[in-house]
Every structure is written in structure tokens, then in C-alpha cells.
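Student: My file is target.csv. It has CSV, C-alpha atoms:
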```csv
chain,number,residue,atom,x,y,z
A,1,MET,CA,-12.6,3.7,10.8
A,2,ASP,CA,-15.7,2.6,12.6
A,3,ALA,CA,-19.0,1.5,11.1
A,4,ALA,CA,-20.5,4.9,11.1
A,5,GLU,CA,-17.5,6.4,9.2
A,6,SER,CA,-17.7,3.5,6.6
A,7,ALA,CA,-21.4,4.1,6.1
A,8,ALA,CA,-20.6,7.8,5.6
A,9,LEU,CA,-18.3,7.1,2.8
A,10,ALA,CA,-20.8,4.9,1.0
A,11,ALA,CA,-23.7,7.4,1.5
A,12,PRO,CA,-24.1,11.0,0.3
A,13,LEU,CA,-21.9,13.4,2.3
A,14,THR,CA,-23.3,14.8,5.5
A,15,GLU,CA,-23.7,18.5,5.9
A,16,GLU,CA,-20.6,18.6,8.2
A,17,GLN,CA,-18.6,16.8,5.5
A,18,ARG,CA,-19.8,19.1,2.8
A,19,GLU,CA,-18.8,22.1,4.9
A,20,PHE,CA,-15.4,20.5,5.5
A,21,ARG,CA,-14.9,20.1,1.8
A,22,ARG,CA,-16.0,23.7,1.1
A,23,THR,CA,-13.5,24.9,3.7
A,24,LEU,CA,-10.7,23.0,2.1
A,25,ARG,CA,-11.7,24.0,-1.4
A,26,ASP,CA,-11.7,27.7,-0.5
A,27,LEU,CA,-8.3,27.4,1.2
A,28,LEU,CA,-6.8,25.6,-1.8
A,29,ALA,CA,-8.3,28.0,-4.3
A,30,GLU,CA,-6.6,30.8,-2.4
A,31,ARG,CA,-3.2,29.1,-1.8
A,32,ALA,CA,-2.8,26.5,-4.5
A,33,GLY,CA,-3.4,26.1,-8.3
A,34,PRO,CA,-1.7,26.7,-11.6
A,35,HIS,CA,-0.1,30.0,-10.6
A,36,GLN,CA,0.7,29.3,-6.9
A,37,ASN,CA,2.0,25.8,-7.2
A,38,PRO,CA,5.2,26.6,-9.2
A,39,VAL,CA,6.1,29.3,-6.7
A,40,ALA,CA,5.6,26.9,-3.8
A,41,THR,CA,7.6,24.1,-5.4
A,42,ALA,CA,10.5,26.5,-6.0
A,43,THR,CA,11.0,27.1,-2.3
A,44,SER,CA,13.5,25.2,-0.3
A,45,GLN,CA,10.7,23.2,1.4
A,46,GLY,CA,9.0,22.4,-1.9
A,47,TYR,CA,5.6,23.5,-0.6
A,48,ASP,CA,3.9,26.6,0.9
A,49,PRO,CA,4.4,26.6,4.7
A,50,GLU,CA,1.5,28.9,5.3
A,51,LEU,CA,-0.8,26.6,3.3
A,52,TRP,CA,0.5,23.6,5.3
A,53,THR,CA,-0.1,25.3,8.6
A,54,ARG,CA,-3.7,26.3,7.7
A,55,LEU,CA,-4.4,22.9,6.1
A,56,SER,CA,-3.2,21.1,9.3
A,57,ALA,CA,-5.4,23.4,11.4
A,58,THR,CA,-8.4,22.5,9.2
A,59,LEU,CA,-7.6,18.8,9.3
A,60,GLY,CA,-6.9,18.8,13.1
A,61,HIS,CA,-6.3,15.6,15.0
A,62,VAL,CA,-9.4,13.8,13.7
A,63,THR,CA,-7.6,12.9,10.4
A,64,LEU,CA,-4.4,11.7,12.1
A,65,CYS,CA,-5.2,8.2,10.9
A,66,THR,CA,-4.2,4.8,12.1
A,67,ALA,CA,-2.7,2.0,10.0
A,68,ASP,CA,-6.2,0.7,9.1
A,69,HIS,CA,-7.5,3.8,7.2
A,70,GLY,CA,-8.3,7.3,8.1
A,71,PRO,CA,-11.7,8.8,8.7
A,72,ALA,CA,-13.9,10.0,5.9
A,73,GLU,CA,-12.5,13.5,6.2
A,74,LEU,CA,-9.0,12.4,5.2
A,75,VAL,CA,-10.3,10.8,2.0
A,76,LEU,CA,-12.1,14.1,1.2
A,77,ALA,CA,-9.0,16.0,2.0
A,78,CYS,CA,-6.9,13.9,-0.4
A,79,GLU,CA,-9.5,14.3,-3.1
A,80,GLU,CA,-9.4,18.1,-2.7
A,81,THR,CA,-5.6,18.4,-2.6
A,82,GLY,CA,-5.4,16.2,-5.6
A,83,ARG,CA,-7.9,18.4,-7.4
A,84,ALA,CA,-5.6,21.4,-6.8
A,85,LEU,CA,-2.4,19.3,-7.3
A,86,ALA,CA,-1.4,21.1,-4.1
A,87,PRO,CA,2.2,20.4,-3.0
A,88,SER,CA,2.2,19.7,0.7
A,89,PRO,CA,3.5,17.2,3.3
A,90,LEU,CA,0.1,15.6,3.6
A,91,LEU,CA,1.0,12.3,1.8
A,92,ALA,CA,4.4,11.8,3.4
A,93,THR,CA,3.5,13.0,6.9
A,94,ARG,CA,-0.1,12.1,7.6
A,95,VAL,CA,-0.7,9.2,5.2
A,96,LEU,CA,2.6,7.4,5.3
A,97,ALA,CA,4.3,8.3,8.6
A,98,ALA,CA,1.5,8.8,11.1
A,99,PRO,CA,0.1,5.3,10.8
A,100,LEU,CA,3.5,3.7,11.3
A,101,LEU,CA,4.2,5.9,14.3
A,102,THR,CA,0.8,5.1,15.7
A,103,ALA,CA,1.0,1.4,15.2
A,104,LEU,CA,4.7,0.7,16.2
A,105,GLY,CA,5.9,3.7,18.2
A,106,SER,CA,6.4,3.5,21.9
A,107,PRO,CA,4.1,5.6,24.2
A,108,ALA,CA,6.9,8.1,24.6
A,109,GLN,CA,7.6,8.3,20.8
A,110,ARG,CA,3.9,8.8,20.0
A,111,ALA,CA,3.6,11.5,22.7
A,112,ALA,CA,6.7,13.3,21.4
A,113,HIS,CA,5.8,13.3,17.7
A,114,LEU,CA,2.1,12.7,16.9
A,115,PRO,CA,0.8,16.0,18.3
A,116,ARG,CA,3.4,17.9,16.3
A,117,LEU,CA,2.5,16.0,13.2
A,118,ALA,CA,-1.1,16.8,13.7
A,119,ALA,CA,-0.4,20.5,14.4
A,120,GLY,CA,1.8,20.8,11.3
A,121,SER,CA,4.9,21.9,13.2
A,122,LEU,CA,6.7,18.7,12.3
A,123,THR,CA,6.9,16.9,9.0
A,124,CYS,CA,8.0,13.4,8.4
A,125,ALA,CA,9.3,11.3,5.5
A,126,LEU,CA,9.5,7.5,5.0
A,127,ALA,CA,12.9,6.5,3.7
A,128,VAL,CA,13.1,3.2,1.9
A,129,PRO,CA,16.3,1.8,0.3
A,130,GLY,CA,16.6,1.6,-3.4
A,131,GLY,CA,13.5,3.5,-4.2
A,132,ALA,CA,11.5,0.3,-3.5
A,133,LEU,CA,8.6,2.1,-1.9
A,134,ALA,CA,5.8,0.2,-3.7
A,135,LEU,CA,7.4,-3.1,-2.7
A,136,ALA,CA,8.1,-2.0,0.8
A,137,LEU,CA,4.4,-1.1,1.2
A,138,GLY,CA,3.3,-4.4,-0.3
A,139,LEU,CA,1.5,-2.7,-3.2
A,140,THR,CA,3.2,-4.6,-6.1
A,141,GLY,CA,4.6,-7.6,-4.3
A,142,ASP,CA,5.0,-9.5,-1.0
A,143,ASN,CA,7.3,-7.3,1.0
A,144,ALA,CA,8.3,-10.3,3.1
A,145,ALA,CA,9.5,-12.3,0.0
A,146,GLU,CA,12.4,-10.0,-1.1
A,147,ASP,CA,15.3,-8.4,0.7
A,148,TRP,CA,14.5,-4.9,-0.4
A,149,SER,CA,15.9,-3.3,2.7
A,150,GLY,CA,19.4,-4.7,2.1
A,151,GLY,CA,19.4,-8.3,3.2
A,152,GLY,CA,22.9,-8.0,4.8
A,153,ARG,CA,24.5,-7.5,1.3
A,154,ALA,CA,26.0,-4.3,-0.1
A,155,GLY,CA,23.4,-1.8,-0.8
A,156,GLY,CA,20.2,-0.9,1.0
A,157,VAL,CA,20.4,0.6,4.5
A,158,GLN,CA,22.1,-1.4,7.3
A,159,ALA,CA,21.5,-0.8,11.0
A,160,ARG,CA,24.0,-1.8,13.6
A,161,PRO,CA,23.7,-1.4,17.4
A,162,ASP,CA,26.4,0.7,19.0
A,163,GLY,CA,25.7,0.1,22.7
A,164,GLU,CA,23.8,3.4,23.2
A,165,GLY,CA,21.4,3.0,20.3
A,166,TRP,CA,21.7,2.3,16.6
A,167,ARG,CA,23.8,3.5,13.6
A,168,LEU,CA,22.6,3.6,10.0
A,169,TYR,CA,24.7,3.1,6.9
A,170,GLY,CA,23.5,3.2,3.3
A,171,GLU,CA,21.2,5.2,1.0
A,172,ALA,CA,17.5,5.6,0.3
A,173,ALA,CA,16.3,7.1,-3.0
A,174,GLN,CA,13.1,8.7,-4.1
A,175,VAL,CA,12.2,9.8,-0.6
A,176,LEU,CA,9.1,11.9,-0.7
A,177,ASP,CA,9.8,15.2,1.2
A,178,GLY,CA,13.1,13.7,2.2
A,179,HIS,CA,15.1,16.9,1.7
A,180,SER,CA,13.0,18.9,4.2
A,181,ALA,CA,11.2,16.6,6.7
A,182,GLY,CA,12.1,17.2,10.3
A,183,LEU,CA,11.8,13.5,11.1
A,184,LEU,CA,12.9,10.6,9.0
A,185,LEU,CA,11.3,7.2,9.4
A,186,VAL,CA,13.9,4.8,7.9
A,187,ALA,CA,13.5,1.2,6.9
A,188,ALA,CA,16.8,-0.7,7.4
A,189,HIS,CA,18.1,-4.2,7.5
A,190,ALA,CA,19.5,-5.4,10.8
A,191,GLY,CA,21.2,-8.6,12.0
A,192,GLY,CA,23.2,-11.3,10.3
A,193,PHE,CA,21.9,-14.4,8.7
A,194,ALA,CA,20.5,-15.9,11.9
A,195,ARG,CA,18.6,-12.7,12.9
A,196,SER,CA,18.1,-11.0,9.5
A,197,ARG,CA,15.1,-8.6,9.7
A,198,THR,CA,13.8,-5.3,8.6
A,199,LEU,CA,13.2,-2.6,11.3
A,200,LEU,CA,12.1,1.0,11.3
A,201,PHE,CA,14.2,3.8,12.8
A,202,LEU,CA,13.7,7.4,13.7
A,203,VAL,CA,16.3,10.0,12.6
A,204,ARG,CA,15.7,13.5,14.0
A,205,ALA,CA,16.6,15.9,11.2
A,206,GLU,CA,15.4,19.3,12.5
A,207,GLY,CA,17.6,22.3,13.0
A,208,ALA,CA,21.4,22.0,12.6
A,209,ASP,CA,23.1,19.5,10.4
A,210,VAL,CA,22.8,16.0,11.6
A,211,PRO,CA,26.2,14.2,11.7
A,212,GLY,CA,26.4,11.5,9.0
A,213,LEU,CA,23.1,12.6,7.3
A,214,VAL,CA,23.3,13.9,3.7
A,215,ARG,CA,20.1,14.9,1.9
A,216,THR,CA,20.0,15.9,-1.7
A,217,ARG,CA,16.9,17.1,-3.4
A,218,GLN,CA,16.5,15.5,-6.8
A,219,PRO,CA,14.8,16.7,-10.0
A,220,ALA,CA,11.2,15.3,-10.1
A,221,LEU,CA,8.9,14.5,-13.0
A,222,ASP,CA,6.1,16.0,-10.8
A,223,PRO,CA,7.5,19.0,-8.9
A,224,THR,CA,4.5,18.8,-6.5
A,225,ARG,CA,5.9,15.5,-5.3
A,226,PRO,CA,9.4,16.7,-4.2
A,227,ARG,CA,11.8,13.9,-3.4
A,228,ALA,CA,15.4,13.4,-2.3
A,229,THR,CA,18.2,10.9,-2.0
A,230,VAL,CA,19.1,10.4,1.6
A,231,GLN,CA,22.5,9.0,2.6
A,232,PHE,CA,23.3,7.6,6.1
A,233,ARG,CA,27.0,7.7,7.0
A,234,ASP,CA,27.3,6.3,10.5
A,235,THR,CA,24.1,8.2,11.4
A,236,ARG,CA,22.7,7.9,14.9
A,237,ALA,CA,19.1,6.5,15.0
A,238,GLU,CA,16.4,5.5,17.4
A,239,LEU,CA,14.5,2.2,17.0
A,240,LEU,CA,10.8,2.8,16.4
A,241,GLY,CA,9.0,0.9,19.2
A,242,ALA,CA,10.5,-2.3,20.5
A,243,GLU,CA,11.3,-5.8,19.3
A,244,PRO,CA,9.6,-8.0,18.4
A,245,ALA,CA,7.3,-6.1,16.1
A,246,ASP,CA,5.4,-6.9,12.9
A,247,VAL,CA,7.2,-4.3,10.8
A,248,LEU,CA,6.5,-5.8,7.4
A,249,GLY,CA,2.9,-6.5,8.2
A,250,THR,CA,2.4,-2.9,9.4
A,251,LEU,CA,4.1,-1.5,6.3
A,252,ALA,CA,1.8,-3.6,4.1
A,253,ALA,CA,-1.3,-2.4,6.0
A,254,THR,CA,-0.1,1.2,5.7
A,255,GLY,CA,0.4,0.5,2.0
A,256,ARG,CA,-3.2,-0.6,1.5
A,257,HIS,CA,-4.4,2.5,3.4
A,258,THR,CA,-2.0,4.7,1.4
A,259,ALA,CA,-3.3,3.3,-1.9
A,260,VAL,CA,-6.9,4.5,-1.0
A,261,MET,CA,-5.6,8.0,-0.2
A,262,LEU,CA,-3.5,8.1,-3.4
A,263,ALA,CA,-6.6,7.0,-5.4
A,264,ALA,CA,-8.6,9.8,-3.8
A,265,GLU,CA,-5.9,12.3,-4.9
A,266,ALA,CA,-5.9,10.8,-8.4
A,267,VAL,CA,-9.7,11.0,-8.7
A,268,GLY,CA,-9.6,14.7,-7.6
A,269,ALA,CA,-6.9,15.4,-10.2
A,270,ALA,CA,-8.8,13.5,-12.9
A,271,ARG,CA,-12.0,15.5,-12.2
A,272,ALA,CA,-10.0,18.8,-12.5
A,273,ALA,CA,-8.4,17.7,-15.7
A,274,LEU,CA,-11.7,16.6,-17.1
A,275,ASP,CA,-13.2,20.1,-16.3
A,276,ARG,CA,-10.3,21.7,-18.2
A,277,ALA,CA,-10.9,19.4,-21.2
A,278,ALA,CA,-14.6,20.3,-21.1
A,279,ALA,CA,-13.7,24.0,-21.0
A,280,HIS,CA,-11.5,23.5,-24.1
A,281,ALA,CA,-14.3,21.7,-25.9
A,282,ARG,CA,-16.7,24.5,-25.2
A,283,SER,CA,-14.2,27.0,-26.6
A,284,ARG,CA,-14.4,25.1,-29.9
A,285,ALA,CA,-18.1,25.6,-30.2
A,286,GLY,CA,-17.9,26.7,-33.8
A,287,HIS,CA,-16.5,23.3,-34.9
A,288,ALA,CA,-19.6,21.2,-34.9
A,289,GLY,CA,-17.9,17.9,-36.0
A,290,SER,CA,-15.1,18.0,-33.6
A,291,ARG,CA,-17.5,19.2,-30.8
A,292,GLY,CA,-19.7,16.2,-31.2
A,293,ALA,CA,-16.8,13.8,-31.0
A,294,ALA,CA,-15.4,15.6,-28.0
A,295,VAL,CA,-18.7,15.4,-26.2
A,296,HIS,CA,-18.9,11.7,-26.6
A,297,ARG,CA,-15.3,11.3,-25.5
A,298,LEU,CA,-15.8,13.5,-22.4
A,299,ALA,CA,-18.9,11.5,-21.5
A,300,ASP,CA,-16.9,8.3,-21.6
A,301,LEU,CA,-14.1,9.8,-19.5
A,302,SER,CA,-16.6,11.1,-16.9
A,303,VAL,CA,-18.0,7.6,-16.5
A,304,GLN,CA,-14.4,6.3,-16.0
A,305,VAL,CA,-13.6,9.0,-13.4
A,306,GLU,CA,-16.8,8.4,-11.5
A,307,ALA,CA,-16.2,4.6,-11.5
A,308,ALA,CA,-12.8,5.2,-10.1
A,309,ARG,CA,-14.2,7.5,-7.4
A,310,THR,CA,-16.9,4.9,-6.5
A,311,LEU,CA,-14.2,2.2,-6.2
A,312,THR,CA,-12.1,4.4,-4.1
A,313,TYR,CA,-14.8,5.3,-1.6
A,314,SER,CA,-15.9,1.6,-1.5
A,315,ALA,CA,-12.3,0.6,-0.7
A,316,ALA,CA,-12.1,3.3,2.0
A,317,GLY,CA,-15.1,1.8,3.7
A,318,GLU,CA,-13.7,-1.8,3.9
A,319,PRO,CA,-12.9,-3.1,7.4
A,320,GLY,CA,-9.7,-4.8,6.2
A,321,PRO,CA,-9.0,-8.6,6.0
A,322,GLY,CA,-7.5,-8.9,9.4
A,323,GLY,CA,-9.8,-6.4,11.3
A,324,PRO,CA,-8.7,-3.0,12.5
A,325,GLY,CA,-5.2,-2.1,11.4
A,326,SER,CA,-5.0,-4.5,8.5
A,327,GLY,CA,-5.9,-2.0,5.8
A,328,PRO,CA,-8.5,-2.3,3.0
A,329,GLU,CA,-7.8,-5.0,0.4
A,330,GLY,CA,-9.4,-2.8,-2.3
A,331,GLY,CA,-6.9,0.0,-2.0
A,332,PRO,CA,-4.4,-1.2,-4.7
A,333,LEU,CA,-7.1,-2.0,-7.2
A,334,ALA,CA,-8.8,1.4,-6.6
A,335,LEU,CA,-5.4,3.1,-7.1
A,336,ALA,CA,-4.9,1.3,-10.4
A,337,HIS,CA,-8.3,2.5,-11.7
A,338,ALA,CA,-7.8,6.0,-10.5
A,339,LEU,CA,-4.3,6.3,-12.1
A,340,GLU,CA,-5.7,5.1,-15.4
A,341,ALA,CA,-8.6,7.6,-15.2
A,342,LEU,CA,-6.1,10.4,-14.4
A,343,ARG,CA,-3.8,9.4,-17.3
A,344,ALA,CA,-6.8,9.2,-19.7
A,345,THR,CA,-8.2,12.6,-18.7
A,346,ALA,CA,-4.8,14.2,-18.9
A,347,GLU,CA,-4.2,12.9,-22.4
A,348,GLU,CA,-7.6,14.1,-23.5
A,349,ALA,CA,-6.9,17.6,-22.2
A,350,VAL,CA,-3.6,18.0,-23.8
A,351,ARG,CA,-4.8,21.3,-25.4
A,352,PRO,CA,-3.6,23.7,-24.2
A,353,ALA,CA,-0.6,21.6,-23.1
A,354,ASP,CA,0.8,24.1,-20.6
A,355,ALA,CA,-2.5,23.9,-18.6
A,356,THR,CA,-2.7,20.1,-18.5
A,357,ALA,CA,0.9,18.9,-18.3
A,358,PRO,CA,0.9,18.9,-14.5
A,359,PHE,CA,-1.9,16.3,-14.5
A,360,ALA,CA,0.0,14.0,-16.8
A,361,ALA,CA,3.1,14.5,-14.7
A,362,ARG,CA,1.2,13.5,-11.5
A,363,ALA,CA,-0.2,10.4,-13.2
A,364,ALA,CA,3.2,9.3,-14.5
A,365,SER,CA,5.0,10.2,-11.3
A,366,ASP,CA,2.6,8.3,-9.0
A,367,GLU,CA,2.7,5.2,-11.3
A,368,LEU,CA,6.5,5.2,-11.1
A,369,LEU,CA,6.5,5.6,-7.3
A,370,PHE,CA,3.6,3.3,-6.4
A,371,GLY,CA,2.9,1.2,-9.4
A,372,PRO,CA,3.0,0.2,-12.2
A,373,VAL,CA,-0.8,-0.2,-12.7
A,374,ARG,CA,-0.4,-3.8,-13.9
A,375,GLY,CA,1.6,-4.5,-10.8
A,376,LEU,CA,-1.1,-3.1,-8.6
A,377,ARG,CA,-3.7,-5.1,-10.3
A,378,ALA,CA,-1.7,-8.3,-10.2
A,379,ARG,CA,-1.0,-7.9,-6.5
A,380,ALA,CA,-4.7,-7.2,-5.8
A,381,ALA,CA,-5.7,-10.3,-7.6
A,382,GLU,CA,-3.1,-12.3,-5.7
A,383,ARG,CA,-4.2,-11.0,-2.4
A,384,THR,CA,-7.9,-11.6,-3.0
A,385,GLY,CA,-7.3,-15.1,-4.5
A,386,LEU,CA,-8.8,-14.1,-7.9
A,387,PHE,CA,-6.3,-16.3,-9.9
A,388,ARG,CA,-7.1,-19.3,-7.7
A,389,GLU,CA,-10.8,-18.8,-8.3
A,390,VAL,CA,-10.3,-18.6,-12.1
A,391,ALA,CA,-8.1,-21.7,-12.1
A,392,ALA,CA,-10.7,-23.7,-10.1
```
Is it possible to express this structure as C-alpha cells?
Tutor:
Amino acid sequence: MDAAESAALAAPLTEEQREFRRTLRDLLAERAGPHQNPVATATSQGYDPELWTRLSATLGHVTLCTADHGPAELVLACEETGRALAPSPLLATRVLAAPLLTALGSPAQRAAHLPRLAAGSLTCALAVPGGALALALGLTGDNAAEDWSGGGRAGGVQARPDGEGWRLYGEAAQVLDGHSAGLLLVAAHAGGFARSRTLLFLVRAEGADVPGLVRTRQPALDPTRPRATVQFRDTRAELLGAEPADVLGTLAATGRHTAVMLAAEAVGAARAALDRAAAHARSRAGHAGSRGAAVHRLADLSVQVEAARTLTYSAAGEPGPGGPGSGPEGGPLALAHALEALRATAEEAVRPADATAPFAARAASDELLFGPVRGLRARAAERTGLFREVAA
């Protein structure tokens, strides 16, 4: 993101950005929502393919972001899809996979995959061993300090060269869109003690069954975040890019970027849940006492949601600690505040429960996948040196 885009996030939206948001909101009102989402999540893909095609056309190539952070339009897109709780490959494909492919992929790999990701004709999933997505992305700990990819021991995903390429062995759990993605981006451990390292690999999963690849869709707390267990049984894979590469650093930068986009989604969802809570309060207009208490509570929640939104957009405008590609340091902290705001608004709007349960499920699911909130805050404080300042 350049200086102009950063300024755009901090300032009121431009007319072009407002039109972009209106277009997205109209599309999502037509294809996503309380009635459409259950139908979409019940399909084999777990989302509405037509919505994804039209959403990709609206987003275009401009929001195919780098590992630093995407343009202002991607933040707006995430806020709007969060508002509708729309099930789509946006998070797995554009937010998680595209930056890694852009930063680490060879010219041939980028040319083969990025245009299709932008067009919506190819979806991608990031497969991390043991369901350790938050750690792999450096959101709740130092991803270089633990052997989360396997470390050469049993478990994790192991990568071995076979003379013509690489073979993968092991299992990755809680893989977002892992059951349906046409391209898997797999984090795996390679080498023995002397050359122990984590690398990223591409597994093409389109079309016919891939030998040695077993994908099982799992029940999800939040059906709009479909996930799968992915097993690799002597599965052929292609190294992403070339060695040497700063895989762990790029994963962490992508994690900080992802945190901003997740926070934008949570803010959008929190605002929608708050609107429903307000509608419920208005429906109780005859109960003066309860109405007064509800008004005060809703006012407090509105301040909390707007504070989370301000923090999210502020984080999106950060240049990153290491310059372009390093990701905004404020991402994890913004995500922590946004998830708390979403949880609070969902709890307030529990009546009627059937209308607000999806918001509570999204908050709980995202915290399980990318948190917990206390871990996000602790990692943010560690990264920014807050504890050292307090100790001094």
C-alpha cells in the first residue's frame, strides 16, 4: 500500500470507494444473508460459486494484495463480506494465499496462478500442520521458536525430495476451504537435524483425484468458515519459489496483514449484529424501563465497535516495521479488539437467538482459529516492546 492508499484509509472514503462499497453491498444483499448463507454452505464447495465469480469480478486485480497489506478496497471488501457473514474463498484465497504466492513464488508460478486467483477461476487454501494456523502466521507467538511444522518428529507434515520434485507425508487440520480449493499451499518440515527448516509447497488439487491426497470436510462451529482435514500420503508437490527463502518471515508478515482483514470482517459483522440488537430494542418500545437500559447498552456497544473500526483502519494504514512486505504491527491488536466487539454485540443481540447465533459463531470460530484474544494482545505487546517499556 502506498502513501496515497494509507491516507485514504485514515480519511473519509472517496466517491470511488463509496461506489465500490455500494456495489459490494448490493451484490451481497442479493446473494448472501440469513436466508442465502445456509443454502450456500450446504453445497459441496461450501459457498455460492456465482457470488464468488461476481465478487471476484468486482474486486478485480487491484485487490490481489501483497504480503504487506492490500489496498483500501480490500479492507472495505472484508468489512462488507463480514457484515453479510458471506461464505466465500476471499479469506483463504486472496488474503492468505495470494500474498505468499506473490512474495515467494517463482515468476512461472506467479504467472500460472495469480491471474486465475484474481479472476476467481482458481481457489487456494493454506494447509498448516496440527491446526497451528495462528502460530504459523506469528499471531500468537514466534513462528520461528517452535517446530509447529513437524520438526522431523512424528506428526506434522514432512517433505522429502524424490529426485523429480518433492513428496509430502502427514496431516494438516482445520484447513480453511481445504476440501474444495483447487490449489493447496502446504507448510511442511524438510531436512534432518543439520538442515531442519520449514518450506512451502504447492499441491495441485483440481479435477480428478490426486494420488496420495485425502481431503475430508469437517463439521464447523461457523458453517461460513468451511474447513477440512487434509492428509498427504506420498503426495507429489512442487516447492514454492526456490531456496533459500525467508518462509517464516513471510508467513509472519502475511499473518499481520491477515489480522487486519479479519478485523475488518469482524467489525462489519459486529455492526450488523448491533443493527439487529437495535431493531429488537425498538420492537420493545412499550417496555419503558427495559428500553432505557437497552439504549444505554447499545450506545456503549456502538462506541466499542467504532473504536475497533478506527483501530482496524489505522492498522491498515501502517507501513510495517520493516518497510514494504513486513505487514502492519497493529494488525493483531486490531483483531483482538474487533473480535471482542463482535462477541459483545452478538451476546447483546441474543434475542431472537436464531437471528444472531451466526454472529456469535463467527466470533468464537475466528478466536479459535486465529486467537485467543489474550494471545493476540500478548504477541502484539511483545512485538512492540510494550512489556520492556513498562519494566523500564
Student: If you measure from atom CA of Ala145 of chain A to atom CA of Leu133 of chain A, what distance in Å do you get, rounded to one decimal?
Tutor: 14.6 Å
Student: Just to confirm, what's the straight-line distance from atom CA of Gly192 of chain A to atom CA of Gly131 of chain A in Å (one decimal)?
Tutor: 22.9 Å
Student: What does the distance between atom CA of Ala245 of chain A and atom CA of Glu146 of chain A come to in Å, to one decimal place?
Tutor: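 Separation of atom CA of Ala245 of chain A and atom CA of Glu146 of chain A: 18.4 Å.
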Student: If we count all atoms listed in the file and set the cut-off at 9 Å, which residues sit around Leu274 of chain A, ignoring sequence neighbours fewer than 5 positions away in its own chain? Please answer as a PyMOL selection string.
Tutor: chain A and resi 269+279+298+301-302+305+342+345-346+348-349
Student: Compare A:Leu13, A:Leu100, A:Leu135, A:Ala220 by their minimum atom-to-atom distance to Thr41 of chain A, counting all atoms listed in the file, and give me the closest one.
Tutor: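 The closest residue to Thr41 of chain A is A:Ala220.
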Student: Taking (5.1, 3.0, 4.6) in the file's coordinates as the center, which residues reach within 6 Å of it, counting all atoms listed in the file, put as a list in words?
Tutor: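 Within 6 Å of (5.1, 3.0, 4.6), the protein and nucleic acid residues are Leu96, Leu137, Leu251, Thr254 and Gly255 of chain A.
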Student: Which residue gives the smallest distance to Trp148 of chain A among A:Ser283, A:Ser314, A:Ser121, A:Thr198, with only C-alpha atoms counted?
Tutor: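 Among A:Ser283, A:Ser314, A:Ser121, A:Thr198, it is A:Thr198 that comes nearest to Trp148 of chain A.
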Student: Tell me, as a ChimeraX atom specification, which residues lie within 7 Å of Tyr47 of chain A, counting all atoms listed in the file; anything in the same chain fewer than 4 positions away does not count.
Tutor: /A:40-41,43,87-88
Student: Around (15.3, 9.4, 11.9) in the file's own coordinates, what residues are found within 8 Å if you use all atoms listed in the file, given back as number ranges by chain?
Tutor: A: 183-186, 201-205, 237-238
Student: Looking at all atoms listed in the file, which of A:Val267, A:Ala272, A:Ala92, A:Ala380 is the one that sits closest to Glu340 of chain A?
Tutor: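 Result for the nearest residue to Glu340 of chain A: A:Val267.
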